[in-house]
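Participant: File name start00.pdb; file contents PDB, C-alpha atoms; full text below.
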ATOM      1  CA  MET A  21      -5.375  62.016  78.134  1.00  0.00           C
ATOM      2  CA  MET A  22      -6.870  60.329  81.163  1.00  0.00           C
ATOM      3  CA  ARG A  23      -5.147  60.990  84.472  1.00  0.00           C
ATOM      4  CA  THR A  24      -5.252  57.838  86.598  1.00  0.00           C
ATOM      5  CA  PRO A  25      -6.895  58.580  89.942  1.00  0.00           C
ATOM      6  CA  THR A  26      -5.098  57.521  93.127  1.00  0.00           C
ATOM      7  CA  ALA A  27      -6.518  54.687  95.249  1.00  0.00           C
ATOM      8  CA  HIS A  28      -7.580  57.287  97.805  1.00  0.00           C
ATOM      9  CA  GLN A  29      -9.416  59.391  95.196  1.00  0.00           C
ATOM     10  CA  LEU A  30     -11.247  56.297  93.909  1.00  0.00           C
ATOM     11  CA  ASP A  31     -12.256  55.416  97.485  1.00  0.00           C
ATOM     12  CA  GLU A  32     -13.696  58.899  98.034  1.00  0.00           C
ATOM     13  CA  VAL A  33     -15.594  59.106  94.728  1.00  0.00           C
ATOM     14  CA  PHE A  34     -17.111  55.618  95.061  1.00  0.00           C
ATOM     15  CA  VAL A  35     -18.104  56.326  98.677  1.00  0.00           C
ATOM     16  CA  ALA A  36     -19.711  59.562  97.461  1.00  0.00           C
ATOM     17  CA  LEU A  37     -21.626  57.710  94.723  1.00  0.00           C
ATOM     18  CA  ALA A  38     -22.790  54.903  97.039  1.00  0.00           C
ATOM     19  CA  ASP A  39     -25.853  56.781  98.291  1.00  0.00           C
ATOM     20  CA  GLU A  40     -29.085  57.707  96.537  1.00  0.00           C
ATOM     21  CA  THR A  41     -29.400  61.128  98.206  1.00  0.00           C
ATOM     22  CA  ARG A  42     -25.862  62.081  97.180  1.00  0.00           C
ATOM     23  CA  ARG A  43     -26.516  60.944  93.599  1.00  0.00           C
ATOM     24  CA  ALA A  44     -29.685  63.091  93.583  1.00  0.00           C
ATOM     25  CA  ILE A  45     -27.695  66.109  94.865  1.00  0.00           C
ATOM     26  CA  LEU A  46     -25.207  65.685  91.995  1.00  0.00           C
ATOM     27  CA  ALA A  47     -28.091  65.482  89.510  1.00  0.00           C
ATOM     28  CA  ARG A  48     -29.590  68.689  90.987  1.00  0.00           C
ATOM     29  CA  LEU A  49     -26.278  70.566  90.771  1.00  0.00           C
ATOM     30  CA  SER A  50     -25.718  69.480  87.167  1.00  0.00           C
ATOM     31  CA  ALA A  51     -28.671  71.801  86.375  1.00  0.00           C
ATOM     32  CA  GLY A  52     -26.776  74.765  87.864  1.00  0.00           C
ATOM     33  CA  GLN A  53     -25.285  76.082  91.099  1.00  0.00           C
ATOM     34  CA  ALA A  54     -27.576  76.315  94.121  1.00  0.00           C
ATOM     35  CA  ARG A  55     -27.608  77.416  97.749  1.00  0.00           C
ATOM     36  CA  VAL A  56     -27.333  74.699 100.402  1.00  0.00           C
ATOM     37  CA  THR A  57     -30.942  75.344 101.483  1.00  0.00           C
ATOM     38  CA  GLU A  58     -32.165  75.016  97.870  1.00  0.00           C
ATOM     39  CA  VAL A  59     -30.305  71.739  97.471  1.00  0.00           C
ATOM     40  CA  ALA A  60     -31.789  70.442 100.727  1.00  0.00           C
ATOM     41  CA  ALA A  61     -35.404  71.493 100.024  1.00  0.00           C
ATOM     42  CA  PRO A  62     -36.628  68.413  98.069  1.00  0.00           C
ATOM     43  CA  PHE A  63     -35.296  65.868 100.579  1.00  0.00           C
ATOM     44  CA  PRO A  64     -37.400  64.574 103.486  1.00  0.00           C
ATOM     45  CA  ILE A  65     -34.361  64.669 105.798  1.00  0.00           C
ATOM     46  CA  SER A  66     -32.907  67.355 108.077  1.00  0.00           C
ATOM     47  CA  LEU A  67     -30.706  70.167 106.749  1.00  0.00           C
ATOM     48  CA  ASN A  68     -27.986  68.751 108.996  1.00  0.00           C
ATOM     49  CA  SER A  69     -28.159  65.362 107.242  1.00  0.00           C
ATOM     50  CA  VAL A  70     -28.039  67.005 103.824  1.00  0.00           C
ATOM     51  CA  SER A  71     -25.013  69.038 104.958  1.00  0.00           C
ATOM     52  CA  LYS A  72     -23.223  65.818 105.895  1.00  0.00           C
ATOM     53  CA  HIS A  73     -23.931  64.377 102.446  1.00  0.00           C
ATOM     54  CA  ILE A  74     -22.621  67.586 100.853  1.00  0.00           C
ATOM     55  CA  ARG A  75     -19.389  67.378 102.853  1.00  0.00           C
ATOM     56  CA  ILE A  76     -18.814  63.820 101.576  1.00  0.00           C
ATOM     57  CA  LEU A  77     -19.337  65.087  98.025  1.00  0.00           C
ATOM     58  CA  GLU A  78     -16.925  67.996  98.659  1.00  0.00           C
ATOM     59  CA  ARG A  79     -14.293  65.626 100.060  1.00  0.00           C
ATOM     60  CA  ALA A  80     -14.500  63.609  96.814  1.00  0.00           C
ATOM     61  CA  GLY A  81     -14.009  66.836  94.832  1.00  0.00           C
ATOM     62  CA  LEU A  82     -17.420  66.427  93.172  1.00  0.00           C
ATOM     63  CA  VAL A  83     -18.935  69.561  94.695  1.00  0.00           C
ATOM     64  CA  ALA A  84     -17.321  72.986  95.054  1.00  0.00           C
ATOM     65  CA  ARG A  85     -18.513  75.611  97.554  1.00  0.00           C
ATOM     66  CA  ARG A  86     -18.352  79.371  97.017  1.00  0.00           C
ATOM     67  CA  ARG A  87     -19.194  81.736  99.848  1.00  0.00           C
ATOM     68  CA  SER A  88     -20.920  85.030  99.077  1.00  0.00           C
ATOM     69  CA  GLY A  89     -21.757  86.842 102.327  1.00  0.00           C
ATOM     70  CA  ARG A  90     -24.022  84.515 104.272  1.00  0.00           C
ATOM     71  CA  ASP A  91     -24.859  82.389 101.241  1.00  0.00           C
ATOM     72  CA  HIS A  92     -22.995  79.239 100.327  1.00  0.00           C
ATOM     73  CA  TYR A  93     -23.297  78.327  96.658  1.00  0.00           C
ATOM     74  CA  LEU A  94     -22.645  74.765  95.596  1.00  0.00           C
ATOM     75  CA  SER A  95     -21.676  73.659  92.124  1.00  0.00           C
ATOM     76  CA  LEU A  96     -20.859  70.345  90.468  1.00  0.00           C
ATOM     77  CA  ASP A  97     -17.301  69.537  89.424  1.00  0.00           C
ATOM     78  CA  ALA A  98     -17.634  66.596  87.049  1.00  0.00           C
ATOM     79  CA  ARG A  99     -13.878  65.919  86.637  1.00  0.00           C
ATOM     80  CA  PRO A 100     -13.485  63.299  89.410  1.00  0.00           C
ATOM     81  CA  LEU A 101     -16.612  61.637  88.020  1.00  0.00           C
ATOM     82  CA  THR A 102     -15.015  61.394  84.588  1.00  0.00           C
ATOM     83  CA  GLN A 103     -11.844  59.916  86.088  1.00  0.00           C
ATOM     84  CA  ALA A 104     -13.770  57.328  88.121  1.00  0.00           C
ATOM     85  CA  SER A 105     -15.966  56.482  85.132  1.00  0.00           C
ATOM     86  CA  ASP A 106     -12.919  55.991  82.858  1.00  0.00           C
ATOM     87  CA  TRP A 107     -11.207  53.866  85.514  1.00  0.00           C
ATOM     88  CA  LEU A 108     -14.303  51.692  86.080  1.00  0.00           C
ATOM     89  CA  GLN A 109     -14.921  51.250  82.366  1.00  0.00           C
ATOM     90  CA  SER A 110     -11.342  50.123  81.689  1.00  0.00           C
ATOM     91  CA  ARG A 111     -11.339  47.679  84.650  1.00  0.00           C
ATOM     92  CA  GLN A 112     -14.781  46.335  83.803  1.00  0.00           C
ATOM     93  CA  ARG A 113     -13.724  45.645  80.205  1.00  0.00           C
ATOM     94  CA  PHE A 114     -10.414  44.075  81.200  1.00  0.00           C
ATOM     95  CA  TRP A 115     -11.806  41.908  84.011  1.00  0.00           C
ATOM     96  CA  ALA A 116     -14.871  40.812  82.066  1.00  0.00           C
ATOM     97  CA  SER A 117     -12.736  39.836  79.050  1.00  0.00           C
ATOM     98  CA  ARG A 118     -10.398  37.763  81.281  1.00  0.00           C
ATOM     99  CA  VAL A 119     -13.364  35.960  82.850  1.00  0.00           C
ATOM    100  CA  GLU A 120     -14.892  35.283  79.425  1.00  0.00           C
ATOM    101  CA  ARG A 121     -11.616  33.951  78.016  1.00  0.00           C
ATOM    102  CA  LEU A 122     -11.237  31.676  81.009  1.00  0.00           C
ATOM    103  CA  GLN A 123     -14.805  30.408  80.609  1.00  0.00           C
ATOM    104  CA  ALA A 124     -14.161  29.660  76.922  1.00  0.00           C
ATOM    105  CA  LEU A 125     -11.051  27.613  77.857  1.00  0.00           C
ATOM    106  CA  LEU A 126     -13.012  25.622  80.423  1.00  0.00           C
ATOM    107  CA  ASP A 127     -15.840  24.983  77.951  1.00  0.00           C
ATOM    108  CA  GLU A 128     -13.265  23.768  75.411  1.00  0.00           C
ATOM    109  CA  GLU A 129     -11.794  21.448  78.034  1.00  0.00           C
ATOM    110  CA  ASP A 130     -15.256  20.048  78.813  1.00  0.00           C
ATOM    111  CA  ALA A 131     -16.004  19.462  75.126  1.00  0.00           C
ATOM    112  CA  ARG A 132     -12.752  17.559  74.497  1.00  0.00           C
ATOM    113  CA  PRO A 133     -13.346  13.777  74.018  1.00  0.00           C
ATOM    114  CA  GLY A 134     -11.473  11.265  76.170  1.00  0.00           C
ATOM    115  CA  PRO A 135     -11.535   9.828  79.681  1.00  0.00           C
ATOM    116  CA  ARG A 136     -12.877  12.026  82.458  1.00  0.00           C
ATOM    117  CA  ALA A 137     -10.027  13.844  84.159  1.00  0.00           C
ATOM    118  CA  ALA A 138      -8.970  12.630  87.584  1.00  0.00           C
ATOM    119  CA  GLY A 139      -9.722  16.070  89.019  1.00  0.00           C
ATOM    120  CA  GLY A 140     -13.395  15.811  87.971  1.00  0.00           C
ATOM    121  CA  ARG A 141     -16.508  15.439  90.074  1.00  0.00           C
ATOM    122  CA  ARG A 142     -15.944  12.989  92.898  1.00  0.00           C
ATOM    123  CA  SER A 143     -19.137  12.981  94.966  1.00  0.00           C
TER     124      SER A 143
ATOM    125  CA  MET B   9     -29.662  46.223  76.090  1.00  0.00           C
ATOM    126  CA  MET B  10     -28.534  47.712  79.393  1.00  0.00           C
ATOM    127  CA  ARG B  11     -30.656  46.832  82.404  1.00  0.00           C
ATOM    128  CA  THR B  12     -30.852  49.836  84.718  1.00  0.00           C
ATOM    129  CA  PRO B  13     -29.631  48.879  88.185  1.00  0.00           C
ATOM    130  CA  THR B  14     -31.830  49.748  91.175  1.00  0.00           C
ATOM    131  CA  ALA B  15     -30.698  52.431  93.638  1.00  0.00           C
ATOM    132  CA  HIS B  16     -29.953  49.683  96.132  1.00  0.00           C
ATOM    133  CA  GLN B  17     -27.793  47.736  93.648  1.00  0.00           C
ATOM    134  CA  LEU B  18     -25.831  50.891  92.813  1.00  0.00           C
ATOM    135  CA  ASP B  19     -25.283  51.539  96.545  1.00  0.00           C
ATOM    136  CA  GLU B  20     -23.901  48.027  97.043  1.00  0.00           C
ATOM    137  CA  VAL B  21     -21.616  48.029  94.001  1.00  0.00           C
ATOM    138  CA  PHE B  22     -20.165  51.484  94.741  1.00  0.00           C
ATOM    139  CA  VAL B  23     -19.628  50.545  98.408  1.00  0.00           C
ATOM    140  CA  ALA B  24     -17.862  47.383  97.210  1.00  0.00           C
ATOM    141  CA  LEU B  25     -15.633  49.390  94.855  1.00  0.00           C
ATOM    142  CA  ALA B  26     -14.776  52.047  97.473  1.00  0.00           C
ATOM    143  CA  ASP B  27     -11.891  50.076  98.981  1.00  0.00           C
ATOM    144  CA  GLU B  28      -8.451  49.251  97.600  1.00  0.00           C
ATOM    145  CA  THR B  29      -8.343  45.708  99.080  1.00  0.00           C
ATOM    146  CA  ARG B  30     -11.720  44.848  97.558  1.00  0.00           C
ATOM    147  CA  ARG B  31     -10.624  46.205  94.157  1.00  0.00           C
ATOM    148  CA  ALA B  32      -7.479  44.039  94.407  1.00  0.00           C
ATOM    149  CA  ILE B  33      -9.603  40.968  95.226  1.00  0.00           C
ATOM    150  CA  LEU B  34     -11.704  41.578  92.100  1.00  0.00           C
ATOM    151  CA  ALA B  35      -8.521  41.916  90.021  1.00  0.00           C
ATOM    152  CA  ARG B  36      -7.218  38.626  91.474  1.00  0.00           C
ATOM    153  CA  LEU B  37     -10.468  36.786  90.720  1.00  0.00           C
ATOM    154  CA  SER B  38     -10.566  38.081  87.147  1.00  0.00           C
ATOM    155  CA  ALA B  39      -7.533  35.802  86.604  1.00  0.00           C
ATOM    156  CA  GLY B  40      -9.580  32.761  87.652  1.00  0.00           C
ATOM    157  CA  GLN B  41     -11.479  31.252  90.584  1.00  0.00           C
ATOM    158  CA  ALA B  42      -9.599  30.817  93.853  1.00  0.00           C
ATOM    159  CA  ARG B  43     -10.030  29.492  97.385  1.00  0.00           C
ATOM    160  CA  VAL B  44     -10.657  32.046 100.162  1.00  0.00           C
ATOM    161  CA  THR B  45      -7.204  31.316 101.636  1.00  0.00           C
ATOM    162  CA  GLU B  46      -5.545  31.854  98.237  1.00  0.00           C
ATOM    163  CA  VAL B  47      -7.347  35.155  97.804  1.00  0.00           C
ATOM    164  CA  ALA B  48      -6.288  36.240 101.303  1.00  0.00           C
ATOM    165  CA  ALA B  49      -2.610  35.220 101.004  1.00  0.00           C
ATOM    166  CA  PRO B  50      -1.152  38.406  99.409  1.00  0.00           C
ATOM    167  CA  PHE B  51      -2.797  40.795 101.881  1.00  0.00           C
ATOM    168  CA  PRO B  52      -1.089  41.895 105.111  1.00  0.00           C
ATOM    169  CA  ILE B  53      -4.387  41.676 107.009  1.00  0.00           C
ATOM    170  CA  SER B  54      -6.136  38.859 108.881  1.00  0.00           C
ATOM    171  CA  LEU B  55      -8.133  36.141 107.120  1.00  0.00           C
ATOM    172  CA  ASN B  56     -11.113  37.425 109.084  1.00  0.00           C
ATOM    173  CA  SER B  57     -10.719  40.920 107.589  1.00  0.00           C
ATOM    174  CA  VAL B  58     -10.414  39.510 104.082  1.00  0.00           C
ATOM    175  CA  SER B  59     -13.554  37.420 104.691  1.00  0.00           C
ATOM    176  CA  LYS B  60     -15.456  40.588 105.598  1.00  0.00           C
ATOM    177  CA  HIS B  61     -14.320  42.235 102.362  1.00  0.00           C
ATOM    178  CA  ILE B  62     -15.399  39.146 100.421  1.00  0.00           C
ATOM    179  CA  ARG B  63     -18.859  39.249 102.009  1.00  0.00           C
ATOM    180  CA  ILE B  64     -19.276  42.882 100.891  1.00  0.00           C
ATOM    181  CA  LEU B  65     -18.317  41.824  97.352  1.00  0.00           C
ATOM    182  CA  GLU B  66     -20.780  38.905  97.503  1.00  0.00           C
ATOM    183  CA  ARG B  67     -23.555  41.198  98.702  1.00  0.00           C
ATOM    184  CA  ALA B  68     -22.949  43.402  95.649  1.00  0.00           C
ATOM    185  CA  GLY B  69     -23.181  40.319  93.417  1.00  0.00           C
ATOM    186  CA  LEU B  70     -19.586  40.803  92.222  1.00  0.00           C
ATOM    187  CA  VAL B  71     -18.273  37.576  93.737  1.00  0.00           C
ATOM    188  CA  ALA B  72     -19.915  34.135  93.669  1.00  0.00           C
ATOM    189  CA  ARG B  73     -19.041  31.344  96.136  1.00  0.00           C
ATOM    190  CA  ARG B  74     -19.128  27.629  95.341  1.00  0.00           C
ATOM    191  CA  ARG B  75     -18.649  25.076  98.103  1.00  0.00           C
ATOM    192  CA  SER B  76     -16.831  21.818  97.351  1.00  0.00           C
ATOM    193  CA  GLY B  77     -16.400  19.799 100.543  1.00  0.00           C
ATOM    194  CA  ARG B  78     -14.416  22.000 102.915  1.00  0.00           C
ATOM    195  CA  ASP B  79     -13.197  24.313 100.170  1.00  0.00           C
ATOM    196  CA  HIS B  80     -14.942  27.511  99.217  1.00  0.00           C
ATOM    197  CA  TYR B  81     -14.154  28.659  95.684  1.00  0.00           C
ATOM    198  CA  LEU B  82     -14.672  32.292  94.780  1.00  0.00           C
ATOM    199  CA  SER B  83     -15.199  33.629  91.278  1.00  0.00           C
ATOM    200  CA  LEU B  84     -15.810  37.042  89.751  1.00  0.00           C
ATOM    201  CA  ASP B  85     -19.202  37.934  88.321  1.00  0.00           C
ATOM    202  CA  ALA B  86     -18.595  41.018  86.181  1.00  0.00           C
ATOM    203  CA  ARG B  87     -22.251  41.735  85.362  1.00  0.00           C
ATOM    204  CA  PRO B  88     -23.007  44.180  88.206  1.00  0.00           C
ATOM    205  CA  LEU B  89     -19.733  45.915  87.337  1.00  0.00           C
ATOM    206  CA  THR B  90     -20.880  46.378  83.747  1.00  0.00           C
ATOM    207  CA  GLN B  91     -24.219  47.775  84.928  1.00  0.00           C
ATOM    208  CA  ALA B  92     -22.581  50.221  87.342  1.00  0.00           C
ATOM    209  CA  SER B  93     -20.035  51.247  84.707  1.00  0.00           C
ATOM    210  CA  ASP B  94     -22.756  51.892  82.117  1.00  0.00           C
ATOM    211  CA  TRP B  95     -24.780  53.857  84.647  1.00  0.00           C
ATOM    212  CA  LEU B  96     -21.803  55.979  85.740  1.00  0.00           C
ATOM    213  CA  GLN B  97     -20.728  56.646  82.168  1.00  0.00           C
ATOM    214  CA  SER B  98     -24.191  57.816  81.115  1.00  0.00           C
ATOM    215  CA  ARG B  99     -24.580  60.078  84.194  1.00  0.00           C
ATOM    216  CA  GLN B 100     -21.070  61.448  83.866  1.00  0.00           C
ATOM    217  CA  ARG B 101     -21.645  62.367  80.212  1.00  0.00           C
ATOM    218  CA  PHE B 102     -25.060  63.881  80.873  1.00  0.00           C
ATOM    219  CA  TRP B 103     -24.062  65.859  83.974  1.00  0.00           C
ATOM    220  CA  ALA B 104     -20.780  67.081  82.507  1.00  0.00           C
ATOM    221  CA  SER B 105     -22.514  68.238  79.319  1.00  0.00           C
ATOM    222  CA  ARG B 106     -25.122  70.178  81.341  1.00  0.00           C
ATOM    223  CA  VAL B 107     -22.389  71.863  83.384  1.00  0.00           C
ATOM    224  CA  GLU B 108     -20.453  72.744  80.223  1.00  0.00           C
ATOM    225  CA  ARG B 109     -23.534  74.156  78.495  1.00  0.00           C
ATOM    226  CA  LEU B 110     -24.287  76.263  81.561  1.00  0.00           C
ATOM    227  CA  GLN B 111     -20.714  77.542  81.703  1.00  0.00           C
ATOM    228  CA  ALA B 112     -20.871  78.487  78.017  1.00  0.00           C
ATOM    229  CA  LEU B 113     -24.060  80.479  78.670  1.00  0.00           C
ATOM    230  CA  LEU B 114     -22.435  82.320  81.588  1.00  0.00           C
ATOM    231  CA  ASP B 115     -19.316  83.080  79.523  1.00  0.00           C
ATOM    232  CA  GLU B 116     -21.548  84.444  76.762  1.00  0.00           C
ATOM    233  CA  GLU B 117     -23.337  86.622  79.305  1.00  0.00           C
ATOM    234  CA  ASP B 118     -19.988  87.943  80.617  1.00  0.00           C
ATOM    235  CA  ALA B 119     -18.759  88.722  77.106  1.00  0.00           C
ATOM    236  CA  ARG B 120     -21.892  90.694  76.171  1.00  0.00           C
ATOM    237  CA  PRO B 121     -21.222  94.457  76.062  1.00  0.00           C
ATOM    238  CA  GLY B 122     -23.335  96.820  78.122  1.00  0.00           C
ATOM    239  CA  PRO B 123     -23.696  98.095  81.702  1.00  0.00           C
ATOM    240  CA  ARG B 124     -22.687  95.736  84.498  1.00  0.00           C
ATOM    241  CA  ALA B 125     -25.674  93.810  85.777  1.00  0.00           C
ATOM    242  CA  ALA B 126     -27.211  94.865  89.085  1.00  0.00           C
ATOM    243  CA  GLY B 127     -26.551  91.408  90.483  1.00  0.00           C
ATOM    244  CA  GLY B 128     -22.816  91.748  89.970  1.00  0.00           C
ATOM    245  CA  ARG B 129     -20.022  92.011  92.493  1.00  0.00           C
ATOM    246  CA  ARG B 130     -20.966  94.294  95.364  1.00  0.00           C
ATOM    247  CA  SER B 131     -18.016  94.193  97.785  1.00  0.00           C
TER     248      SER B 131
END
Let me see the file written as structure tokens.

Facilitator:
Amino acid sequence: MMRTPTAHQLDEVFVALADETRRAILARLSAGQARVTEVAAPFPISLNSVSKHIRILERAGLVARRRSGRDHYLSLDARPLTQASDWLQSRQRFWASRVERLQALLDEEDARPGPRAAGGRRS
Amino acid sequence: MMRTPTAHQLDEVFVALADETRRAILARLSAGQARVTEVAAPFPISLNSVSKHIRILERAGLVARRRSGRDHYLSLDARPLTQASDWLQSRQRFWASRVERLQALLDEEDARPGPRAAGGRRS
């Protein structure tokens, strides 16, 4: 059963997803855990910038950190992603179907014979 | 067929979705087009703040604006939402399945009989 995420959790996950570097970090970690320096290596930005991105991902619960001596290992936690994806899919379907139904009603109205309604184009 | 959104489009849609007020505006517009003042009415924030939220939604292509004299009518365009939802669902499935497969491999490794690996716990 799907657990509905809170508004705050949705905010954090969508913020986390709204950046190409952060999406690339998630893709990297889906291939297995990695040290912070390994995660940072492919990006043409400072380690400090990558660390900031990682903290945003941690705040959203998408990345977990495990310390082993001086090494910090990062891993992907896909659960908040699943929740956000389920939420977005259900909203998208519901909203899109409402908009379509409304459009169909308006088209029907337009197709109906008779005098032009008073609320029509006035220019 | 699903058109893959660009990185920039994904950024804009996820930014747009990362706020409770903006999600509520989308929900309102899925029930039909509305004037800016009508959209703003239920929110305990200034019209100016609501206008800023609307501009972020317009930038993401989620809201369209039609001018009729002095009135501005807003309507929902669900297409970028569908694209982002499809993208997120495909990534979520792919990433989660990689993580699960990896975990299964590690569990298998742990269950295998034999001497403890040299890379094991050292504390």

Participant: Hey, what comes out of the PyMOL selection byres ((chain B) within 9 of (chain A)) on this file? Could you write it as a VMD selection string?

Facilitator: chain B and resid 15 to 16 18 to 28 34 to 35 37 to 40 83 to 87 89 to 90 92 to 94 96 to 97 99 to 107 110

Participant: Quick one: superpose chain B onto chain A using all C-alpha atoms paired in order, least squares, and give it to me as a short mmCIF file (atom, residue, chain, number, x, y, z; two decimals) with C-alpha atoms, in the coordinates of the input.

Facilitator:
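Full text of part.cif as output:
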data_model
loop_
_atom_site.label_atom_id
_atom_site.label_comp_id
_atom_site.auth_asym_id
_atom_site.auth_seq_id
_atom_site.Cartn_x
_atom_site.Cartn_y
_atom_site.Cartn_z
CA MET B 9 -5.35 62.02 78.12
CA MET B 10 -6.87 60.33 81.15
CA ARG B 11 -5.15 61.02 84.46
CA THR B 12 -5.23 57.87 86.58
CA PRO B 13 -6.89 58.61 89.92
CA THR B 14 -5.07 57.55 93.10
CA ALA B 15 -6.49 54.72 95.23
CA HIS B 16 -7.56 57.31 97.78
CA GLN B 17 -9.41 59.41 95.17
CA LEU B 18 -11.22 56.32 93.90
CA ASP B 19 -12.23 55.43 97.48
CA GLU B 20 -13.69 58.91 98.02
CA VAL B 21 -15.58 59.10 94.72
CA PHE B 22 -17.08 55.61 95.05
CA VAL B 23 -18.09 56.31 98.67
CA ALA B 24 -19.71 59.55 97.46
CA LEU B 25 -21.61 57.69 94.73
CA ALA B 26 -22.77 54.88 97.04
CA ASP B 27 -25.84 56.75 98.29
CA GLU B 28 -29.08 57.66 96.54
CA THR B 29 -29.40 61.11 98.22
CA ARG B 30 -25.86 62.06 97.19
CA ARG B 31 -26.51 60.92 93.60
CA ALA B 32 -29.68 63.07 93.59
CA ILE B 33 -27.70 66.08 94.86
CA LEU B 34 -25.21 65.67 91.99
CA ALA B 35 -28.11 65.46 89.51
CA ARG B 36 -29.61 68.65 90.99
CA LEU B 37 -26.30 70.54 90.77
CA SER B 38 -25.74 69.47 87.16
CA ALA B 39 -28.70 71.78 86.38
CA GLY B 40 -26.82 74.75 87.87
CA GLN B 41 -25.32 76.07 91.11
CA ALA B 42 -27.60 76.30 94.13
CA ARG B 43 -27.63 77.40 97.77
CA VAL B 44 -27.34 74.67 100.43
CA THR B 45 -30.95 75.31 101.50
CA GLU B 46 -32.17 74.99 97.89
CA VAL B 47 -30.30 71.72 97.49
CA ALA B 48 -31.79 70.42 100.75
CA ALA B 49 -35.40 71.46 100.05
CA PRO B 50 -36.63 68.38 98.09
CA PHE B 51 -35.29 65.84 100.60
CA PRO B 52 -37.38 64.54 103.51
CA ILE B 53 -34.35 64.64 105.82
CA SER B 54 -32.87 67.33 108.07
CA LEU B 55 -30.69 70.15 106.75
CA ASN B 56 -27.97 68.74 108.99
CA SER B 57 -28.15 65.35 107.24
CA VAL B 58 -28.02 66.98 103.82
CA SER B 59 -25.00 69.02 104.95
CA LYS B 60 -23.20 65.80 105.89
CA HIS B 61 -23.91 64.36 102.44
CA ILE B 62 -22.62 67.57 100.85
CA ARG B 63 -19.38 67.36 102.85
CA ILE B 64 -18.80 63.81 101.57
CA LEU B 65 -19.32 65.08 98.01
CA GLU B 66 -16.91 67.99 98.65
CA ARG B 67 -14.29 65.62 100.05
CA ALA B 68 -14.49 63.61 96.81
CA GLY B 69 -14.00 66.83 94.82
CA LEU B 70 -17.42 66.42 93.15
CA VAL B 71 -18.93 69.55 94.69
CA ALA B 72 -17.32 72.99 95.04
CA ARG B 73 -18.52 75.62 97.55
CA ARG B 74 -18.36 79.38 97.01
CA ARG B 75 -19.20 81.75 99.84
CA SER B 76 -20.93 85.05 99.07
CA GLY B 77 -21.78 86.87 102.30
CA ARG B 78 -24.03 84.52 104.26
CA ASP B 79 -24.88 82.39 101.25
CA HIS B 80 -23.00 79.25 100.32
CA TYR B 81 -23.33 78.33 96.65
CA LEU B 82 -22.68 74.76 95.60
CA SER B 83 -21.70 73.65 92.11
CA LEU B 84 -20.88 70.34 90.47
CA ASP B 85 -17.33 69.53 89.42
CA ALA B 86 -17.64 66.59 87.03
CA ARG B 87 -13.90 65.92 86.64
CA PRO B 88 -13.49 63.30 89.40
CA LEU B 89 -16.62 61.63 88.02
CA THR B 90 -15.02 61.39 84.58
CA GLN B 91 -11.85 59.92 86.08
CA ALA B 92 -13.76 57.33 88.11
CA SER B 93 -15.95 56.47 85.12
CA ASP B 94 -12.92 55.99 82.86
CA TRP B 95 -11.22 53.87 85.49
CA LEU B 96 -14.29 51.68 86.07
CA GLN B 97 -14.90 51.24 82.35
CA SER B 98 -11.33 50.14 81.68
CA ARG B 99 -11.31 47.69 84.63
CA GLN B 100 -14.74 46.35 83.78
CA ARG B 101 -13.70 45.66 80.18
CA PHE B 102 -10.39 44.10 81.17
CA TRP B 103 -11.76 41.93 83.99
CA ALA B 104 -14.82 40.81 82.05
CA SER B 105 -12.69 39.85 79.04
CA ARG B 106 -10.34 37.79 81.25
CA VAL B 107 -13.30 35.98 82.82
CA GLU B 108 -14.81 35.30 79.39
CA ARG B 109 -11.53 34.00 77.98
CA LEU B 110 -11.15 31.70 80.98
CA GLN B 111 -14.71 30.42 80.59
CA ALA B 112 -14.08 29.71 76.90
CA LEU B 113 -10.98 27.68 77.82
CA LEU B 114 -12.95 25.66 80.39
CA ASP B 115 -15.78 25.03 77.91
CA GLU B 116 -13.21 23.84 75.37
CA GLU B 117 -11.74 21.51 77.98
CA ASP B 118 -15.22 20.11 78.77
CA ALA B 119 -15.99 19.55 75.09
CA ARG B 120 -12.75 17.64 74.44
CA PRO B 121 -13.37 13.89 74.01
CA GLY B 122 -11.52 11.40 76.17
CA PRO B 123 -11.60 9.90 79.68
CA ARG B 124 -12.97 12.08 82.47
CA ALA B 125 -10.18 13.92 84.23
CA ALA B 126 -9.07 12.66 87.63
CA GLY B 127 -9.92 16.02 89.15
CA GLY B 128 -13.56 15.72 88.15
CA ARG B 129 -16.65 15.30 90.28
CA ARG B 130 -16.06 12.84 93.10
CA SER B 131 -19.29 12.79 95.13
#

Participant: As an exercise, work out the distance from CA of Asp118 (chain B) to CA of Arg85 (chain A) in Å and give it to one decimal place.

Facilitator: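 Taking CA of Asp118 (chain B) and CA of Arg85 (chain A), their separation equals 21.0 Å.
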
Participant: For the atom pair CA of Arg30 (chain B) and CA of Val58 (chain B), what is the interatomic distance in Å to one decimal place?

Facilitator: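 The value is 8.5 Å.
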
Participant: What does the structure give for the distance between CA of Ser57 (chain B) and CA of Arg79 (chain A), in Å to one decimal?

Facilitator: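 CA of Arg79 (chain A) lies at a distance of 26.1 Å from CA of Ser57 (chain B).
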